[in-house]
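Student: As input, take input07.txt (compact mmCIF, C-alpha atoms):
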# COMPACT_ATOMS: atom_id res chain seq x y z
CA ASN A 1 28.22 -22.20 -27.26
CA PHE A 2 29.12 -18.75 -28.55
CA ALA A 3 25.99 -17.03 -27.19
CA SER A 4 26.44 -18.34 -23.66
CA GLY A 5 30.16 -17.49 -23.76
CA ARG A 6 29.40 -13.95 -24.86
CA ARG A 7 26.82 -13.59 -22.08
CA ALA A 8 29.32 -14.87 -19.50
CA PHE A 9 31.90 -12.33 -20.73
CA TYR A 10 29.30 -9.58 -20.45
CA ASP A 11 28.30 -10.58 -16.91
CA ILE A 12 31.93 -10.67 -15.72
CA SER A 13 32.74 -7.38 -17.46
CA LYS A 14 29.68 -5.67 -16.02
CA ARG A 15 30.42 -6.77 -12.45
CA SER A 16 34.05 -5.67 -12.82
CA PHE A 17 32.90 -2.28 -14.12
CA ASP A 18 30.37 -1.91 -11.29
CA PHE A 19 32.94 -2.75 -8.63
CA LEU A 20 35.79 -0.61 -9.95
CA ILE A 21 33.73 2.49 -10.80
CA SER A 22 31.82 2.45 -7.50
CA LEU A 23 35.13 2.06 -5.67
CA VAL A 24 36.59 5.07 -7.52
CA LEU A 25 33.47 7.21 -7.02
CA LEU A 26 32.94 6.49 -3.32
CA PRO A 27 35.53 9.03 -2.01
CA PHE A 28 33.99 11.78 -4.16
CA ALA A 29 30.50 10.67 -3.13
CA PHE A 30 31.57 10.89 0.52
CA VAL A 31 32.72 14.51 0.16
CA LEU A 32 29.60 15.50 -1.78
CA GLY A 33 27.50 13.53 0.69
CA ILE A 34 28.70 15.69 3.60
CA PHE A 35 27.38 18.77 1.77
CA ILE A 36 24.08 17.05 0.94
CA ALA A 37 23.68 15.87 4.54
CA GLY A 38 24.14 19.46 5.69
CA LEU A 39 21.37 20.68 3.37
CA ILE A 40 19.02 17.95 4.58
CA LYS A 41 19.71 18.81 8.23
CA LEU A 42 19.10 22.51 7.62
CA GLU A 43 15.58 21.76 6.42
CA TRP A 44 14.64 18.69 8.44
CA GLN A 45 16.01 17.57 11.80
CA GLY A 46 15.66 13.89 11.11
CA HIS A 47 17.80 11.06 9.76
CA VAL A 48 19.93 11.94 6.73
CA PHE A 49 19.78 8.47 5.23
CA TYR A 50 16.72 6.47 4.34
CA LYS A 51 17.01 2.69 4.41
CA GLN A 52 14.42 0.53 2.72
CA VAL A 53 14.09 -3.19 2.00
CA ARG A 54 13.93 -3.93 -1.72
CA VAL A 55 13.64 -7.03 -3.92
CA GLY A 56 16.87 -7.88 -5.73
CA GLN A 57 18.14 -10.48 -8.17
CA LYS A 58 16.29 -13.82 -7.97
CA GLY A 59 13.94 -12.36 -5.37
CA ARG A 60 16.60 -11.86 -2.69
CA LEU A 61 15.86 -9.01 -0.31
CA PHE A 62 18.45 -6.34 0.45
CA THR A 63 18.55 -2.96 2.20
CA LEU A 64 18.76 -0.04 -0.21
CA ILE A 65 20.28 3.24 1.03
CA LYS A 66 19.26 6.71 -0.16
CA PHE A 67 19.42 10.26 1.07
CA ARG A 68 16.16 11.21 2.75
CA THR A 69 13.91 13.26 0.48
CA MET A 70 10.62 13.03 2.39
CA VAL A 71 9.39 14.05 5.81
CA SER A 72 10.05 11.39 8.47
CA ASN A 73 6.37 10.47 8.87
CA ALA A 74 5.82 10.10 5.13
CA GLU A 75 4.17 6.69 5.49
CA ALA A 76 2.07 7.36 8.56
CA GLU A 77 -0.97 6.35 6.51
CA GLY A 78 0.69 3.24 5.10
CA VAL A 79 2.85 2.31 2.09
CA GLN A 80 1.99 4.29 -1.03
CA TRP A 81 3.47 5.21 -4.40
CA THR A 82 5.05 8.63 -4.83
CA ALA A 83 2.62 10.94 -6.60
CA PRO A 84 3.41 13.89 -8.92
CA ASP A 85 4.13 16.98 -6.79
CA ASP A 86 3.99 14.78 -3.69
CA LYS A 87 3.56 17.00 -0.63
CA ARG A 88 5.66 14.60 1.46
CA VAL A 89 8.81 15.52 -0.49
CA THR A 90 10.87 18.29 1.11
CA ARG A 91 12.31 21.26 -0.85
CA VAL A 92 15.84 19.83 -0.63
CA GLY A 93 14.42 16.41 -1.42
CA ARG A 94 12.84 17.75 -4.60
CA PHE A 95 16.21 19.03 -5.78
CA LEU A 96 17.92 15.74 -4.88
CA ARG A 97 15.31 13.77 -6.81
CA LYS A 98 15.54 15.99 -9.89
CA THR A 99 19.33 15.62 -9.98
CA ARG A 100 19.17 12.00 -8.77
CA LEU A 101 21.69 12.85 -6.07
CA ASP A 102 19.41 11.13 -3.53
CA GLU A 103 20.60 7.85 -5.03
CA LEU A 104 24.30 8.54 -4.41
CA PRO A 105 24.50 6.23 -1.33
CA GLN A 106 23.50 3.31 -3.55
CA LEU A 107 27.12 3.18 -4.68
CA TRP A 108 27.54 1.13 -1.50
CA ASN A 109 24.85 -1.30 -2.69
CA ILE A 110 26.65 -1.58 -6.03
CA LEU A 111 30.01 -2.19 -4.35
CA ARG A 112 28.43 -4.96 -2.26
CA GLY A 113 27.09 -6.64 -5.40
CA GLU A 114 23.42 -6.11 -4.50
CA MET A 115 22.86 -3.70 -7.38
CA SER A 116 24.39 -2.66 -10.69
CA PHE A 117 24.71 0.75 -12.33
CA VAL A 118 22.20 -0.42 -14.94
CA GLY A 119 19.21 -2.70 -14.45
CA PRO A 120 15.49 -2.73 -13.57
CA ARG A 121 14.37 -0.60 -10.64
CA ALA A 122 14.49 -2.43 -7.30
CA GLU A 123 10.90 -2.67 -6.08
CA ARG A 124 9.59 -2.72 -2.52
CA PRO A 125 8.32 -6.13 -1.29
CA GLU A 126 4.89 -4.64 -0.54
CA PHE A 127 4.44 -3.50 -4.14
CA HIS A 128 6.21 -6.55 -5.53
CA GLU A 129 3.57 -8.94 -4.20
CA LYS A 130 0.78 -6.82 -5.64
CA LEU A 131 2.44 -6.40 -9.03
CA LYS A 132 3.40 -10.08 -9.27
CA GLU A 133 -0.25 -11.04 -8.96
CA ALA A 134 -1.53 -8.36 -11.34
CA ILE A 135 1.07 -8.45 -14.15
CA PRO A 136 2.02 -11.61 -16.13
CA PHE A 137 5.78 -12.37 -16.23
CA TYR A 138 6.53 -9.60 -13.74
CA GLU A 139 9.08 -11.74 -11.90
CA GLU A 140 11.17 -12.07 -15.09
CA ARG A 141 12.67 -8.66 -14.31
CA TYR A 142 14.49 -10.23 -11.35
CA ILE A 143 16.65 -12.43 -13.58
CA ILE A 144 19.34 -9.75 -13.29
CA LYS A 145 20.41 -7.30 -10.59
CA PRO A 146 18.41 -4.11 -10.11
CA GLY A 147 20.07 -0.93 -11.27
CA LEU A 148 20.79 2.61 -10.17
CA SER A 149 19.35 3.53 -13.56
CA GLY A 150 17.89 1.50 -16.40
CA TRP A 151 16.20 1.39 -19.79
CA ALA A 152 12.75 1.78 -18.22
CA GLN A 153 13.86 4.57 -15.88
CA ILE A 154 15.15 6.79 -18.71
CA ASN A 155 12.33 6.07 -21.13
CA TYR A 156 9.24 6.11 -18.93
CA ARG A 157 7.92 8.25 -16.11
CA TYR A 158 8.06 7.19 -12.47
CA SER A 159 5.60 4.37 -11.70
CA SER A 160 2.62 5.44 -9.63
CA SER A 161 0.16 2.68 -10.52
CA VAL A 162 -0.14 -0.95 -11.63
CA ALA A 163 -0.70 0.26 -15.21
CA ASP A 164 2.58 2.20 -15.11
CA ALA A 165 4.43 -0.83 -13.72
CA ALA A 166 3.01 -3.02 -16.52
CA GLU A 167 4.21 -0.53 -19.13
CA LYS A 168 7.67 -0.25 -17.58
CA LEU A 169 7.94 -4.04 -17.50
CA GLN A 170 8.03 -4.01 -21.31
CA TYR A 171 11.11 -1.78 -21.19
CA ASP A 172 12.71 -3.99 -18.53
CA LEU A 173 12.15 -7.13 -20.61
CA TYR A 174 13.57 -5.40 -23.68
CA TYR A 175 16.70 -4.51 -21.71
CA ILE A 176 17.09 -8.02 -20.30
CA LYS A 177 16.85 -9.53 -23.78
CA ASN A 178 19.20 -7.01 -25.44
CA ARG A 179 21.56 -6.07 -22.61
CA SER A 180 25.12 -5.32 -23.68
CA LEU A 181 28.00 -3.09 -22.66
CA ILE A 182 27.12 -0.65 -25.47
CA LEU A 183 23.50 -0.40 -24.31
CA ASP A 184 24.64 0.02 -20.70
CA LEU A 185 26.98 2.85 -21.69
CA GLY A 186 24.17 4.61 -23.58
CA ILE A 187 21.87 4.34 -20.55
CA ILE A 188 24.58 5.71 -18.22
CA LEU A 189 25.27 8.68 -20.53
CA LYS A 190 21.58 9.51 -20.83
CA THR A 191 21.19 9.23 -17.05
CA ILE A 192 24.03 11.72 -16.56
CA ASN A 193 22.33 14.06 -19.03
CA ILE A 194 19.03 13.78 -17.13
CA SER A 195 20.81 14.56 -13.86
CA LEU A 196 22.56 17.61 -15.30
CA ARG A 197 19.29 18.90 -16.74
CA GLN A 198 17.56 18.23 -13.37
CA ALA A 199 14.95 16.23 -15.23
CA GLY A 200 14.75 13.35 -12.80
CA ARG A 201 11.99 12.67 -10.32
Let me see the structure of the file written as structure tokens.
Tutor:
Amino acid sequence: NFASGRRAFYDISKRSFDFLISLVLLPFAFVLGIFIAGLIKLEWQGHVFYKQVRVGQKGRLFTLIKFRTMVSNAEAEGVQWTAPDDKRVTRVGRFLRKTRLDELPQLWNILRGEMSFVGPRAERPEFHEKLKEAIPFYEERYIIKPGLSGWAQINYRYSSSVADAAEKLQYDLYYIKNRSLILDLGIILKTINISLRQAGR
């Protein structure tokens, strides 16, 4: 029918956009990444990149790549949500988070088809199990690929509790129901604005 045909066109268009734009941006990201890696090394003599297993579309696990923004022993006391003014975040890491430059390596995840530029936030398996049990319909957010940014990410603060995750789920479900190329473009433009204003976290 018309609705399913329109959705198929959207899905193909979105994947084509993700692939082409990430391919174009990767060389620029590489050059900028060298500078970022230098800043990280000046402050902390550890690994530049931070790899973490996340839950993707239909529950498939994948390895997400980010620039390191925390001290290397950040989870010595176990897995925990990032808190406001988290002492584990380095000075360079704070800048990278505010500008969202820490997420630049995820262009590789997008190129590989594990993520999209727009979609729900990819959650960690440890939190996923907890949230799935506590929040009805939580797994519905995995119908589509997780995103570098998303409707929930630009409209709600960073999740630091089950209550926050439940609230953000409403935004994720709204996006899943109403997703379109126009909505995606609006989210991308607002994300760029947030990055330029250093209003990320």
Student: Taking (13.3, 13.1, -1.9) in the file's coordinates as the center, which residues reach within 8 Å of it, counting all atoms listed in the file, put as a list of chain:residue names?
Tutor: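 Using all atoms listed in the file, the matching residues come out as A:Phe67, A:Arg68, A:Thr69, A:Met70, A:Val89, A:Thr90, A:Val92, A:Gly93, A:Arg94, A:Phe95, A:Leu96, A:Arg97, A:Asp102.
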Student: Which residue is closest to A:Gln57? Choose from A:Arg157, A:Arg141, A:Lys177, A:Lys190 and count all atoms listed in the file.
Tutor: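 Nearest to A:Gln57: A:Arg141.
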Student: Rank nothing, just name the residue among A:Val31, A:Gly119, A:Leu26, A:Arg60 nearest to A:Leu148, using all atoms listed in the file.
Tutor: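 So, comparing all the options, the nearest one is A:Gly119.
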Student: Around (6.4, -3.5, -23.1) in the file's frame, which residues reach within 12 Å when counting all atoms listed in the file? Return as a PDB file with C-alpha atoms, in the coordinates of the input?
Tutor:
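Writing the result to out_38.pdb gives the following:
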ATOM      1  CA  ILE A 135       1.070  -8.450 -14.150  1.00  0.00           C
ATOM      2  CA  PRO A 136       2.020 -11.610 -16.130  1.00  0.00           C
ATOM      3  CA  PHE A 137       5.780 -12.370 -16.230  1.00  0.00           C
ATOM      4  CA  TYR A 138       6.530  -9.600 -13.740  1.00  0.00           C
ATOM      5  CA  ARG A 141      12.670  -8.660 -14.310  1.00  0.00           C
ATOM      6  CA  TRP A 151      16.200   1.390 -19.790  1.00  0.00           C
ATOM      7  CA  ALA A 152      12.750   1.780 -18.220  1.00  0.00           C
ATOM      8  CA  ASN A 155      12.330   6.070 -21.130  1.00  0.00           C
ATOM      9  CA  TYR A 156       9.240   6.110 -18.930  1.00  0.00           C
ATOM     10  CA  ALA A 163      -0.700   0.260 -15.210  1.00  0.00           C
ATOM     11  CA  ASP A 164       2.580   2.200 -15.110  1.00  0.00           C
ATOM     12  CA  ALA A 165       4.430  -0.830 -13.720  1.00  0.00           C
ATOM     13  CA  ALA A 166       3.010  -3.020 -16.520  1.00  0.00           C
ATOM     14  CA  GLU A 167       4.210  -0.530 -19.130  1.00  0.00           C
ATOM     15  CA  LYS A 168       7.670  -0.250 -17.580  1.00  0.00           C
ATOM     16  CA  LEU A 169       7.940  -4.040 -17.500  1.00  0.00           C
ATOM     17  CA  GLN A 170       8.030  -4.010 -21.310  1.00  0.00           C
ATOM     18  CA  TYR A 171      11.110  -1.780 -21.190  1.00  0.00           C
ATOM     19  CA  ASP A 172      12.710  -3.990 -18.530  1.00  0.00           C
ATOM     20  CA  LEU A 173      12.150  -7.130 -20.610  1.00  0.00           C
ATOM     21  CA  TYR A 174      13.570  -5.400 -23.680  1.00  0.00           C
ATOM     22  CA  TYR A 175      16.700  -4.510 -21.710  1.00  0.00           C
ATOM     23  CA  ILE A 176      17.090  -8.020 -20.300  1.00  0.00           C
TER      24      ILE A 176
END
Student: Taking all atoms of stretch 7-15 of chain A that the file lists, what box with edges along x, y and z, padded by 6 Å per side, do you get, with centre and edge lengths in Å to one decimal, as lines of an AutoDock Vina configuration file?
Tutor:
center_x = 29.8
center_y = -10.3
center_z = -17.3
size_x = 17.9
size_y = 21.2
size_z = 21.6
Student: Given the choices A:Phe35, A:Ala134, A:Asp184, A:Ile65, which gets closest to A:Asp11 if the distance is worked out from all atoms listed in the file?
Tutor: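 Ranked by minimum distance to A:Asp11, first place goes to A:Asp184.
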